[in-house]
Amino acid sequence: MAKSDASVLRRWLSVHGRGHILLFDKRSASVYDASAGTRLLLIAIGVEAVRLAAVRWLHPPLPILVLLLLAGALLLVRFAAGLKLSQIGLYPWHEWHPVEKSYFVQLLIIANVVFPLVFADRLRLILAQTSILTTVWNVFVTYLFFGFYQEIVYRGILQSELVRRWGAFIGILIANVFYTFGPLHWYYFSSRSSVAVPMFTSIFLIGLFFGILFRRSGNLWIVAVIHGIGNAYIVGSLSPAR
């Protein structure tokens with residue numbers, strides 16, 4: 001093989017393989033003042049408080065609630081905290097580095113191959129339902145966006161601010177503790193211990209990976225979309241067949 005061909009091959013492998021070992025091109029750290037950081041924390045607390053209150057007392061249709069919460073969180077970041085969405089990791093596609101683009105596309109392909117294989121039997125039952133469109137909207141689409149919402153709040157908003165205040169190690173760890181044991185998943189505390197322990201362990205480890213991936217890439221789209229796809233397949237596949 002000619003040297004030029006070997007160089008091209010090494011570059012191709014570098015671009016398409018680096019994401020899997022979290023070697024992303026460095027991004028400039030987002031800079032904002034302490035008052036904007038405080039507003040970010042208040043936004044995270046506020047939107048989660050609204051979600052809990054709505055679920056407990058108002059019982060709105062879940063798809064509508066999730067979309068309103070997601071839109072509300074993004075609008076608050078932009079206009080209440082006064083930050084660009086890129087400052088919490090939501091960069092436009094044309095600002096993505098090649099490694100990010102390649103890794104993202106690879107994850108999309110892998111997720112949409114692996115999850116259907118793992119949940120093949122359940123998905124066949126769902127596809128046979130007469131109410132399949134309702135199931136897709138109420139479960140698959142809803143939990144796709146709910147995964148996105150979780151990443152906006154716990155990684156984009158909370159982790160970004162905690163890392164700014166206390167550094168990467170403590171910021172990622174504390175944000176993930178809130179994500180794992182906070183209001184998103186605290187209903188597992190009422191579960192039998194045989195269920196609660198493995199669930200919390202799995203949630204913590206997955207959340208820790210997402211936190212590190214976000215920190216290394218600086219790109220919230222990657223973790224948000226993959227989290228949403230995982231949510232959609234797992235929750236959708238576990239929904240009762242009719």
# chains A, B, ... in the order shown; residues from 1 in each chain; ligands from 1

call {"tool": "closest_atom_pairs", "arguments": {"of": "region 129-188 of chain A", "to": "region 54-67 of chain A", "cutoff": "12 Å", "atoms": "only C-alpha atoms", "output": "tab-separated table"}}
result
residue	atom	partner	partner_atom	distance
A:Thr134	CA	A:Pro63	CA	11.0
A:Thr135	CA	A:Pro63	CA	11.2
A:Val136	CA	A:Pro63	CA	10.8
A:Trp137	CA	A:Pro63	CA	7.5
A:Asn138	CA	A:Pro63	CA	6.1
A:Val139	CA	A:Pro63	CA	8.1
A:Phe140	CA	A:Pro63	CA	9.9
A:Val141	CA	A:Pro63	CA	7.8
A:Thr142	CA	A:Pro63	CA	5.0
A:Tyr143	CA	A:Pro63	CA	8.3
A:Leu144	CA	A:Val66	CA	9.7
A:Phe145	CA	A:Val66	CA	6.8
A:Phe146	CA	A:Val66	CA	5.9
A:Gly147	CA	A:Val66	CA	9.6
A:Phe148	CA	A:Val66	CA	9.6
A:Tyr149	CA	A:Val66	CA	7.6
A:Gln150	CA	A:Val66	CA	10.1
A:Pro183	CA	A:Val55	CA	11.7
A:Leu184	CA	A:Val55	CA	11.8

call {"tool": "select_by_dssp", "arguments": {"residues": "region 8-233 of chain A", "states": "alpha helix (DSSP H)", "output": "compact mmCIF listing (two decimals) with N, CA and C atoms, in the first residue's frame"}}
result
# COMPACT_ATOMS: atom_id res chain seq x y z
N VAL A 8 -4.40 8.00 4.23
CA VAL A 8 -5.85 8.17 4.09
C VAL A 8 -6.58 7.17 4.96
N LEU A 9 -6.11 5.91 4.98
CA LEU A 9 -6.75 4.89 5.80
C LEU A 9 -6.66 5.22 7.27
N ARG A 10 -5.47 5.67 7.72
CA ARG A 10 -5.32 6.03 9.13
C ARG A 10 -6.24 7.18 9.51
N ARG A 11 -6.36 8.16 8.61
CA ARG A 11 -7.24 9.29 8.89
C ARG A 11 -8.69 8.82 8.94
N TRP A 12 -9.07 7.93 8.02
CA TRP A 12 -10.45 7.41 7.99
C TRP A 12 -10.75 6.68 9.28
N LEU A 13 -9.82 5.83 9.73
CA LEU A 13 -10.01 5.09 10.97
C LEU A 13 -10.05 6.03 12.16
N SER A 14 -9.23 7.08 12.09
CA SER A 14 -9.18 8.05 13.18
C SER A 14 -10.51 8.78 13.33
N VAL A 15 -11.03 9.26 12.23
CA VAL A 15 -12.30 10.00 12.26
C VAL A 15 -13.44 9.11 12.73
N HIS A 16 -13.48 7.88 12.25
CA HIS A 16 -14.62 7.02 12.52
C HIS A 16 -14.45 6.14 13.76
N GLY A 17 -13.27 6.12 14.33
CA GLY A 17 -13.04 5.29 15.51
C GLY A 17 -12.82 6.05 16.80
N ALA A 34 -21.68 34.04 37.15
CA ALA A 34 -22.27 33.28 38.25
C ALA A 34 -23.78 33.47 38.33
N SER A 35 -24.26 34.65 37.98
CA SER A 35 -25.71 34.88 38.06
C SER A 35 -26.46 34.03 37.03
N ALA A 36 -25.88 33.87 35.83
CA ALA A 36 -26.48 32.99 34.84
C ALA A 36 -26.45 31.55 35.32
N GLY A 37 -25.37 31.17 36.00
CA GLY A 37 -25.27 29.82 36.55
C GLY A 37 -26.32 29.56 37.61
N THR A 38 -26.57 30.55 38.46
CA THR A 38 -27.62 30.41 39.48
C THR A 38 -28.98 30.26 38.82
N ARG A 39 -29.21 31.02 37.77
CA ARG A 39 -30.49 30.91 37.06
C ARG A 39 -30.64 29.53 36.42
N LEU A 40 -29.52 28.96 35.94
CA LEU A 40 -29.59 27.60 35.39
C LEU A 40 -30.04 26.60 36.46
N LEU A 41 -29.47 26.71 37.65
CA LEU A 41 -29.87 25.80 38.73
C LEU A 41 -31.34 25.96 39.07
N LEU A 42 -31.81 27.20 39.10
CA LEU A 42 -33.22 27.46 39.40
C LEU A 42 -34.12 26.90 38.29
N ILE A 43 -33.67 26.97 37.06
CA ILE A 43 -34.44 26.40 35.95
C ILE A 43 -34.56 24.90 36.11
N ALA A 44 -33.44 24.22 36.43
CA ALA A 44 -33.48 22.77 36.61
C ALA A 44 -34.45 22.39 37.73
N ILE A 45 -34.38 23.11 38.85
CA ILE A 45 -35.28 22.83 39.97
C ILE A 45 -36.72 23.13 39.58
N GLY A 46 -36.91 24.25 38.90
CA GLY A 46 -38.27 24.69 38.56
C GLY A 46 -38.99 23.76 37.60
N VAL A 47 -38.32 23.35 36.53
CA VAL A 47 -39.01 22.51 35.55
C VAL A 47 -39.31 21.13 36.12
N GLU A 48 -38.41 20.61 36.98
CA GLU A 48 -38.68 19.32 37.60
C GLU A 48 -39.82 19.43 38.62
N ALA A 49 -39.89 20.58 39.32
CA ALA A 49 -41.00 20.79 40.26
C ALA A 49 -42.33 20.86 39.50
N VAL A 50 -42.33 21.53 38.37
CA VAL A 50 -43.54 21.61 37.54
C VAL A 50 -43.93 20.23 37.05
N ARG A 51 -42.94 19.44 36.61
CA ARG A 51 -43.24 18.09 36.12
C ARG A 51 -43.88 17.24 37.22
N LEU A 52 -43.30 17.27 38.41
CA LEU A 52 -43.83 16.47 39.51
C LEU A 52 -45.24 16.92 39.90
N ALA A 53 -45.44 18.24 39.96
CA ALA A 53 -46.76 18.75 40.33
C ALA A 53 -47.81 18.39 39.28
N LEU A 62 -49.58 12.64 28.72
CA LEU A 62 -48.12 12.59 28.85
C LEU A 62 -47.38 13.18 27.65
N PRO A 63 -47.80 12.90 26.41
CA PRO A 63 -47.07 13.49 25.28
C PRO A 63 -47.07 15.02 25.33
N ILE A 64 -48.21 15.61 25.68
CA ILE A 64 -48.30 17.07 25.75
C ILE A 64 -47.42 17.61 26.87
N LEU A 65 -47.46 16.94 28.02
CA LEU A 65 -46.64 17.38 29.16
C LEU A 65 -45.16 17.36 28.81
N VAL A 66 -44.70 16.27 28.21
CA VAL A 66 -43.27 16.14 27.88
C VAL A 66 -42.84 17.22 26.89
N LEU A 67 -43.64 17.45 25.86
CA LEU A 67 -43.29 18.47 24.87
C LEU A 67 -43.28 19.86 25.48
N LEU A 68 -44.24 20.15 26.36
CA LEU A 68 -44.26 21.47 27.01
C LEU A 68 -43.07 21.65 27.94
N LEU A 69 -42.72 20.60 28.68
CA LEU A 69 -41.57 20.68 29.57
C LEU A 69 -40.28 20.89 28.78
N LEU A 70 -40.13 20.16 27.69
CA LEU A 70 -38.93 20.29 26.87
C LEU A 70 -38.83 21.70 26.29
N ALA A 71 -39.93 22.18 25.71
CA ALA A 71 -39.94 23.52 25.13
C ALA A 71 -39.70 24.57 26.22
N GLY A 72 -40.34 24.38 27.38
CA GLY A 72 -40.17 25.33 28.46
C GLY A 72 -38.73 25.40 28.96
N ALA A 73 -38.08 24.25 29.12
CA ALA A 73 -36.69 24.23 29.58
C ALA A 73 -35.78 24.96 28.61
N LEU A 74 -35.96 24.72 27.31
CA LEU A 74 -35.12 25.36 26.31
C LEU A 74 -35.35 26.87 26.26
N LEU A 75 -36.61 27.28 26.35
CA LEU A 75 -36.92 28.72 26.34
C LEU A 75 -36.36 29.42 27.57
N PRO A 98 -15.97 16.49 12.60
CA PRO A 98 -16.16 15.23 11.87
C PRO A 98 -16.29 14.01 12.78
N VAL A 99 -15.51 13.95 13.85
CA VAL A 99 -15.58 12.80 14.76
C VAL A 99 -16.97 12.72 15.40
N GLU A 100 -17.51 13.86 15.81
CA GLU A 100 -18.85 13.89 16.40
C GLU A 100 -19.90 13.38 15.40
N LYS A 101 -19.83 13.87 14.19
CA LYS A 101 -20.81 13.47 13.17
C LYS A 101 -20.75 11.97 12.92
N SER A 102 -19.52 11.46 12.77
CA SER A 102 -19.37 10.03 12.49
C SER A 102 -19.87 9.19 13.66
N TYR A 103 -19.47 9.55 14.87
CA TYR A 103 -19.87 8.79 16.05
C TYR A 103 -21.39 8.80 16.22
N PHE A 104 -22.00 9.95 16.01
CA PHE A 104 -23.45 10.09 16.14
C PHE A 104 -24.18 9.20 15.15
N VAL A 105 -23.76 9.24 13.89
CA VAL A 105 -24.40 8.42 12.87
C VAL A 105 -24.21 6.93 13.17
N GLN A 106 -23.02 6.55 13.60
CA GLN A 106 -22.77 5.15 13.96
C GLN A 106 -23.68 4.71 15.10
N LEU A 107 -23.82 5.56 16.13
CA LEU A 107 -24.69 5.21 17.26
C LEU A 107 -26.14 5.07 16.82
N LEU A 108 -26.59 5.94 15.93
CA LEU A 108 -27.96 5.83 15.42
C LEU A 108 -28.18 4.48 14.74
N ILE A 109 -27.24 4.08 13.91
CA ILE A 109 -27.36 2.81 13.19
C ILE A 109 -27.32 1.64 14.18
N ILE A 110 -26.34 1.67 15.08
CA ILE A 110 -26.21 0.57 16.05
C ILE A 110 -27.46 0.45 16.92
N ALA A 111 -27.95 1.59 17.43
CA ALA A 111 -29.13 1.56 18.30
C ALA A 111 -30.34 1.00 17.59
N ASN A 112 -30.51 1.39 16.32
CA ASN A 112 -31.70 0.96 15.58
C ASN A 112 -31.55 -0.42 14.97
N VAL A 113 -30.42 -1.06 15.22
CA VAL A 113 -30.24 -2.48 14.89
C VAL A 113 -30.34 -3.31 16.16
N VAL A 114 -29.61 -2.90 17.20
CA VAL A 114 -29.53 -3.69 18.42
C VAL A 114 -30.86 -3.73 19.16
N PHE A 115 -31.47 -2.58 19.38
CA PHE A 115 -32.72 -2.55 20.15
C PHE A 115 -33.84 -3.37 19.49
N PRO A 116 -34.06 -3.24 18.17
CA PRO A 116 -35.09 -4.09 17.55
C PRO A 116 -34.78 -5.58 17.66
N LEU A 117 -33.51 -5.96 17.64
CA LEU A 117 -33.16 -7.38 17.81
C LEU A 117 -33.44 -7.85 19.23
N VAL A 118 -33.07 -7.03 20.21
CA VAL A 118 -33.27 -7.41 21.61
C VAL A 118 -34.75 -7.52 21.95
N ALA A 120 -37.30 -7.90 19.80
CA ALA A 120 -38.01 -8.33 18.58
C ALA A 120 -39.39 -8.91 18.88
N ASP A 121 -39.51 -9.79 19.87
CA ASP A 121 -40.80 -10.43 20.15
C ASP A 121 -41.84 -9.41 20.59
N ARG A 122 -41.44 -8.52 21.49
CA ARG A 122 -42.38 -7.50 21.97
C ARG A 122 -42.77 -6.54 20.85
N LEU A 123 -41.82 -6.17 20.02
CA LEU A 123 -42.12 -5.25 18.93
C LEU A 123 -43.07 -5.88 17.92
N ARG A 124 -42.94 -7.17 17.69
CA ARG A 124 -43.87 -7.85 16.78
C ARG A 124 -45.30 -7.79 17.33
N LEU A 125 -45.45 -7.97 18.63
CA LEU A 125 -46.78 -7.88 19.23
C LEU A 125 -47.36 -6.48 19.10
N ILE A 126 -46.51 -5.48 19.29
CA ILE A 126 -46.97 -4.10 19.18
C ILE A 126 -47.35 -3.77 17.74
N LEU A 127 -46.56 -4.23 16.79
CA LEU A 127 -46.85 -3.96 15.37
C LEU A 127 -48.13 -4.63 14.92
N ILE A 132 -51.70 0.70 16.82
CA ILE A 132 -50.26 0.90 16.74
C ILE A 132 -49.88 2.38 16.68
N LEU A 133 -50.66 3.21 15.95
CA LEU A 133 -50.33 4.64 15.85
C LEU A 133 -50.45 5.32 17.20
N THR A 134 -51.47 4.93 17.95
CA THR A 134 -51.64 5.49 19.30
C THR A 134 -50.48 5.09 20.19
N THR A 135 -50.06 3.83 20.10
CA THR A 135 -48.94 3.36 20.90
C THR A 135 -47.65 4.08 20.53
N THR A 142 -43.28 9.82 22.82
CA THR A 142 -43.25 10.51 24.11
C THR A 142 -41.95 10.24 24.86
N TYR A 143 -41.53 8.98 24.93
CA TYR A 143 -40.32 8.66 25.68
C TYR A 143 -39.06 9.01 24.92
N LEU A 144 -39.15 9.14 23.61
CA LEU A 144 -38.03 9.69 22.86
C LEU A 144 -37.75 11.11 23.33
N PHE A 145 -38.80 11.93 23.39
CA PHE A 145 -38.64 13.32 23.82
C PHE A 145 -38.38 13.43 25.33
N PHE A 146 -38.89 12.47 26.11
CA PHE A 146 -38.63 12.51 27.54
C PHE A 146 -37.15 12.24 27.84
N GLY A 147 -36.54 11.33 27.08
CA GLY A 147 -35.11 11.12 27.23
C GLY A 147 -34.33 12.38 26.89
N PHE A 148 -34.77 13.07 25.86
CA PHE A 148 -34.14 14.33 25.46
C PHE A 148 -34.28 15.35 26.59
N TYR A 149 -35.48 15.44 27.16
CA TYR A 149 -35.73 16.37 28.27
C TYR A 149 -34.80 16.07 29.45
N GLN A 150 -34.63 14.81 29.79
CA GLN A 150 -33.78 14.45 30.92
C GLN A 150 -32.34 14.92 30.70
N GLU A 151 -31.85 14.78 29.48
CA GLU A 151 -30.49 15.21 29.20
C GLU A 151 -30.35 16.72 29.22
N SER A 160 -23.58 21.07 33.48
CA SER A 160 -22.78 22.19 32.98
C SER A 160 -22.47 23.18 34.09
N GLU A 161 -23.48 23.51 34.89
CA GLU A 161 -23.27 24.49 35.96
C GLU A 161 -22.44 23.92 37.10
N LEU A 162 -22.68 22.67 37.47
CA LEU A 162 -21.89 22.09 38.56
C LEU A 162 -20.43 21.91 38.16
N VAL A 163 -20.18 21.56 36.90
CA VAL A 163 -18.79 21.46 36.42
C VAL A 163 -18.14 22.85 36.44
N ARG A 164 -18.87 23.87 36.04
CA ARG A 164 -18.32 25.23 36.08
C ARG A 164 -17.93 25.62 37.51
N ARG A 165 -18.75 25.22 38.48
CA ARG A 165 -18.52 25.60 39.87
C ARG A 165 -17.44 24.76 40.54
N TRP A 166 -17.45 23.46 40.31
CA TRP A 166 -16.65 22.55 41.12
C TRP A 166 -15.68 21.69 40.33
N ALA A 168 -14.77 19.10 36.74
CA ALA A 168 -15.40 18.01 36.01
C ALA A 168 -15.75 16.81 36.89
N PHE A 169 -14.81 16.37 37.72
CA PHE A 169 -15.04 15.15 38.49
C PHE A 169 -16.24 15.30 39.43
N ILE A 170 -16.21 16.33 40.26
CA ILE A 170 -17.30 16.52 41.23
C ILE A 170 -18.58 16.90 40.51
N GLY A 171 -18.51 17.75 39.49
CA GLY A 171 -19.70 18.19 38.78
C GLY A 171 -20.45 17.04 38.12
N ILE A 172 -19.71 16.18 37.43
CA ILE A 172 -20.33 15.03 36.77
C ILE A 172 -20.92 14.08 37.80
N LEU A 173 -20.17 13.83 38.86
CA LEU A 173 -20.62 12.88 39.89
C LEU A 173 -21.88 13.38 40.59
N ILE A 174 -21.90 14.63 41.02
CA ILE A 174 -23.06 15.16 41.75
C ILE A 174 -24.29 15.23 40.84
N ALA A 175 -24.09 15.67 39.60
CA ALA A 175 -25.21 15.73 38.66
C ALA A 175 -25.80 14.34 38.45
N ASN A 176 -24.92 13.35 38.38
CA ASN A 176 -25.40 11.98 38.15
C ASN A 176 -26.07 11.40 39.39
N VAL A 177 -25.65 11.81 40.57
CA VAL A 177 -26.34 11.40 41.80
C VAL A 177 -27.78 11.93 41.80
N PHE A 178 -27.94 13.21 41.43
CA PHE A 178 -29.29 13.77 41.35
C PHE A 178 -30.11 13.07 40.26
N TYR A 179 -29.46 12.77 39.14
CA TYR A 179 -30.16 12.08 38.05
C TYR A 179 -30.62 10.70 38.48
N THR A 180 -29.77 9.98 39.20
CA THR A 180 -30.06 8.60 39.58
C THR A 180 -31.05 8.51 40.73
N PHE A 181 -30.81 9.27 41.78
CA PHE A 181 -31.59 9.12 43.01
C PHE A 181 -32.60 10.24 43.22
N SER A 193 -36.25 -4.54 47.30
CA SER A 193 -34.81 -4.31 47.24
C SER A 193 -34.16 -5.12 46.13
N SER A 194 -34.71 -6.29 45.81
CA SER A 194 -34.14 -7.12 44.76
C SER A 194 -34.25 -6.45 43.40
N VAL A 195 -35.20 -5.54 43.25
CA VAL A 195 -35.37 -4.79 42.01
C VAL A 195 -34.65 -3.46 42.08
N ALA A 196 -34.75 -2.79 43.23
CA ALA A 196 -34.22 -1.43 43.36
C ALA A 196 -32.71 -1.37 43.17
N VAL A 197 -31.99 -2.28 43.79
CA VAL A 197 -30.52 -2.22 43.74
C VAL A 197 -29.99 -2.34 42.31
N PRO A 198 -30.38 -3.37 41.55
CA PRO A 198 -29.86 -3.43 40.17
C PRO A 198 -30.35 -2.27 39.30
N MET A 199 -31.58 -1.78 39.54
CA MET A 199 -32.07 -0.66 38.74
C MET A 199 -31.25 0.59 39.00
N PHE A 200 -31.03 0.93 40.28
CA PHE A 200 -30.24 2.12 40.60
C PHE A 200 -28.81 1.97 40.09
N THR A 201 -28.26 0.77 40.19
CA THR A 201 -26.89 0.54 39.70
C THR A 201 -26.82 0.78 38.20
N SER A 202 -27.79 0.23 37.47
CA SER A 202 -27.80 0.40 36.01
C SER A 202 -27.98 1.86 35.62
N ILE A 203 -28.93 2.53 36.29
CA ILE A 203 -29.20 3.93 35.98
C ILE A 203 -27.97 4.78 36.27
N PHE A 204 -27.31 4.52 37.40
CA PHE A 204 -26.12 5.31 37.77
C PHE A 204 -25.01 5.11 36.74
N LEU A 205 -24.76 3.88 36.34
CA LEU A 205 -23.66 3.62 35.41
C LEU A 205 -23.95 4.19 34.02
N ILE A 206 -25.19 4.04 33.56
CA ILE A 206 -25.55 4.61 32.25
C ILE A 206 -25.47 6.13 32.31
N GLY A 207 -26.00 6.71 33.40
CA GLY A 207 -25.94 8.16 33.56
C GLY A 207 -24.51 8.66 33.64
N LEU A 208 -23.64 7.90 34.30
CA LEU A 208 -22.24 8.29 34.39
C LEU A 208 -21.58 8.28 33.02
N PHE A 209 -21.91 7.28 32.22
CA PHE A 209 -21.38 7.24 30.86
C PHE A 209 -21.86 8.44 30.06
N PHE A 210 -23.16 8.75 30.15
CA PHE A 210 -23.68 9.92 29.43
C PHE A 210 -22.99 11.20 29.90
N GLY A 211 -22.78 11.31 31.22
CA GLY A 211 -22.12 12.50 31.74
C GLY A 211 -20.71 12.65 31.21
N ILE A 212 -19.96 11.56 31.18
CA ILE A 212 -18.59 11.60 30.67
C ILE A 212 -18.58 11.87 29.17
N LEU A 213 -19.50 11.22 28.45
CA LEU A 213 -19.60 11.44 27.01
C LEU A 213 -19.90 12.90 26.70
N PHE A 214 -20.81 13.49 27.46
CA PHE A 214 -21.13 14.90 27.25
C PHE A 214 -19.92 15.78 27.57
N ARG A 215 -19.26 15.47 28.65
CA ARG A 215 -18.07 16.26 29.03
C ARG A 215 -16.98 16.15 27.96
N ARG A 216 -16.75 14.96 27.46
CA ARG A 216 -15.66 14.76 26.49
C ARG A 216 -15.99 15.36 25.13
N SER A 217 -17.24 15.23 24.71
CA SER A 217 -17.63 15.71 23.38
C SER A 217 -18.10 17.16 23.40
N LEU A 220 -24.38 17.96 23.42
CA LEU A 220 -25.53 17.41 24.12
C LEU A 220 -26.47 16.65 23.18
N TRP A 221 -26.45 16.98 21.90
CA TRP A 221 -27.31 16.27 20.95
C TRP A 221 -27.03 14.77 20.97
N ILE A 222 -25.76 14.40 21.05
CA ILE A 222 -25.39 12.98 20.98
C ILE A 222 -26.04 12.21 22.13
N VAL A 223 -25.82 12.69 23.38
CA VAL A 223 -26.36 11.95 24.52
C VAL A 223 -27.89 12.05 24.58
N ALA A 224 -28.44 13.20 24.19
CA ALA A 224 -29.89 13.38 24.28
C ALA A 224 -30.63 12.48 23.30
N VAL A 225 -30.16 12.43 22.07
CA VAL A 225 -30.84 11.61 21.06
C VAL A 225 -30.69 10.12 21.37
N ILE A 226 -29.49 9.70 21.76
CA ILE A 226 -29.29 8.28 22.07
C ILE A 226 -30.09 7.88 23.31
N HIS A 227 -30.12 8.74 24.32
CA HIS A 227 -30.94 8.47 25.50
C HIS A 227 -32.41 8.35 25.10
N GLY A 228 -32.87 9.26 24.25
CA GLY A 228 -34.26 9.22 23.81
C GLY A 228 -34.60 7.96 23.05
N ILE A 229 -33.70 7.53 22.16
CA ILE A 229 -33.94 6.30 21.40
C ILE A 229 -33.99 5.10 22.34
N GLY A 230 -33.07 5.04 23.29
CA GLY A 230 -33.09 3.94 24.26
C GLY A 230 -34.37 3.93 25.05
N ASN A 231 -34.80 5.10 25.52
CA ASN A 231 -36.07 5.21 26.25
C ASN A 231 -37.23 4.68 25.41
N ALA A 232 -37.27 5.14 24.16
CA ALA A 232 -38.40 4.79 23.30
C ALA A 232 -38.51 3.29 23.10
N TYR A 233 -37.40 2.64 22.81
CA TYR A 233 -37.43 1.19 22.59
C TYR A 233 -37.73 0.42 23.87

call {"tool": "residues_around", "arguments": {"residues": "Ser28 (chain A)", "least_positions_apart": "2", "cutoff": "12 Å", "atoms": "only C-alpha atoms", "output": "short mmCIF file (atom, residue, chain, number, x, y, z; two decimals) with all heavy atoms, in the first residue's frame"}}
result
data_model
loop_
_atom_site.label_atom_id
_atom_site.label_comp_id
_atom_site.auth_asym_id
_atom_site.auth_seq_id
_atom_site.Cartn_x
_atom_site.Cartn_y
_atom_site.Cartn_z
N ASP A 25 -12.58 16.14 19.35
CA ASP A 25 -11.87 17.41 19.24
C ASP A 25 -12.33 18.34 20.37
O ASP A 25 -13.51 18.39 20.70
CB ASP A 25 -12.14 18.06 17.88
CG ASP A 25 -11.61 17.22 16.74
OD1 ASP A 25 -10.43 16.86 16.77
OD2 ASP A 25 -12.39 16.91 15.81
N LYS A 26 -11.38 19.08 20.92
CA LYS A 26 -11.68 19.95 22.05
C LYS A 26 -12.56 21.12 21.61
O LYS A 26 -12.37 21.69 20.54
CB LYS A 26 -10.38 20.49 22.65
CG LYS A 26 -9.54 19.44 23.36
CD LYS A 26 -10.23 18.95 24.63
CE LYS A 26 -9.34 17.99 25.40
NZ LYS A 26 -10.00 17.47 26.62
N SER A 30 -17.70 26.71 27.72
CA SER A 30 -18.73 27.73 27.73
C SER A 30 -18.48 28.70 28.88
O SER A 30 -18.22 28.29 30.02
CB SER A 30 -20.11 27.07 27.89
OG SER A 30 -21.12 28.06 27.95
N VAL A 31 -18.53 29.98 28.58
CA VAL A 31 -18.25 31.00 29.60
C VAL A 31 -19.52 31.80 29.86
O VAL A 31 -20.13 32.35 28.94
CB VAL A 31 -17.12 31.95 29.14
CG1 VAL A 31 -16.88 33.04 30.18
CG2 VAL A 31 -15.85 31.17 28.86
N SER A 86 -26.20 26.65 22.42
CA SER A 86 -24.89 26.02 22.23
C SER A 86 -24.08 26.03 23.52
O SER A 86 -23.17 25.21 23.70
CB SER A 86 -24.11 26.73 21.12
OG SER A 86 -23.91 28.10 21.44
N GLN A 87 -24.40 26.93 24.45
CA GLN A 87 -23.67 27.00 25.72
C GLN A 87 -24.04 25.86 26.67
O GLN A 87 -23.37 25.64 27.67
CB GLN A 87 -23.89 28.35 26.40
CG GLN A 87 -23.19 29.49 25.68
CD GLN A 87 -23.41 30.83 26.35
OE1 GLN A 87 -24.40 31.51 26.10
NE2 GLN A 87 -22.47 31.21 27.20
N GLY A 89 -24.52 22.87 25.08
CA GLY A 89 -24.13 21.74 24.24
C GLY A 89 -24.98 21.47 23.02
O GLY A 89 -24.74 20.50 22.31
N ARG A 215 -19.26 15.47 28.65
CA ARG A 215 -18.07 16.26 29.03
C ARG A 215 -16.98 16.15 27.96
O ARG A 215 -16.35 17.15 27.61
CB ARG A 215 -17.54 15.78 30.38
CG ARG A 215 -16.24 16.44 30.82
CD ARG A 215 -16.40 17.92 31.04
NE ARG A 215 -15.13 18.52 31.46
CZ ARG A 215 -14.95 19.84 31.56
NH1 ARG A 215 -15.94 20.68 31.28
NH2 ARG A 215 -13.78 20.32 31.94
N ARG A 216 -16.75 14.96 27.46
CA ARG A 216 -15.66 14.76 26.49
C ARG A 216 -15.99 15.36 25.13
O ARG A 216 -15.12 15.91 24.46
CB ARG A 216 -15.38 13.26 26.34
CG ARG A 216 -14.86 12.58 27.59
CD ARG A 216 -13.43 12.97 27.90
NE ARG A 216 -12.51 12.56 26.85
CZ ARG A 216 -11.20 12.81 26.85
NH1 ARG A 216 -10.67 13.48 27.86
NH2 ARG A 216 -10.42 12.39 25.87
N SER A 217 -17.24 15.23 24.71
CA SER A 217 -17.63 15.71 23.38
C SER A 217 -18.10 17.16 23.40
O SER A 217 -17.96 17.88 22.40
CB SER A 217 -18.72 14.83 22.79
OG SER A 217 -19.95 14.99 23.51
N GLY A 218 -18.69 17.59 24.52
CA GLY A 218 -19.30 18.91 24.59
C GLY A 218 -20.59 19.00 23.80
O GLY A 218 -21.17 20.08 23.68
N ASN A 219 -21.05 17.87 23.27
CA ASN A 219 -22.20 17.86 22.36
C ASN A 219 -23.39 17.18 23.02
O ASN A 219 -23.40 15.95 23.17
CB ASN A 219 -21.81 17.14 21.07
CG ASN A 219 -22.84 17.32 19.98
OD1 ASN A 219 -24.04 17.35 20.23
ND2 ASN A 219 -22.38 17.42 18.74
#

call {"tool": "atom_distance", "arguments": {"atom1": "CA of Tyr188 (chain A)", "atom2": "CA of Gly156 (chain A)"}}
result
24.3 Å

call {"tool": "atom_distance", "arguments": {"atom1": "CA of Tyr32 (chain A)", "atom2": "CA of Lys84 (chain A)"}}
result
10.2 Å

call {"tool": "atom_distance", "arguments": {"atom1": "CA of Gly82 (chain A)", "atom2": "CA of His97 (chain A)"}}
result
25.5 Å
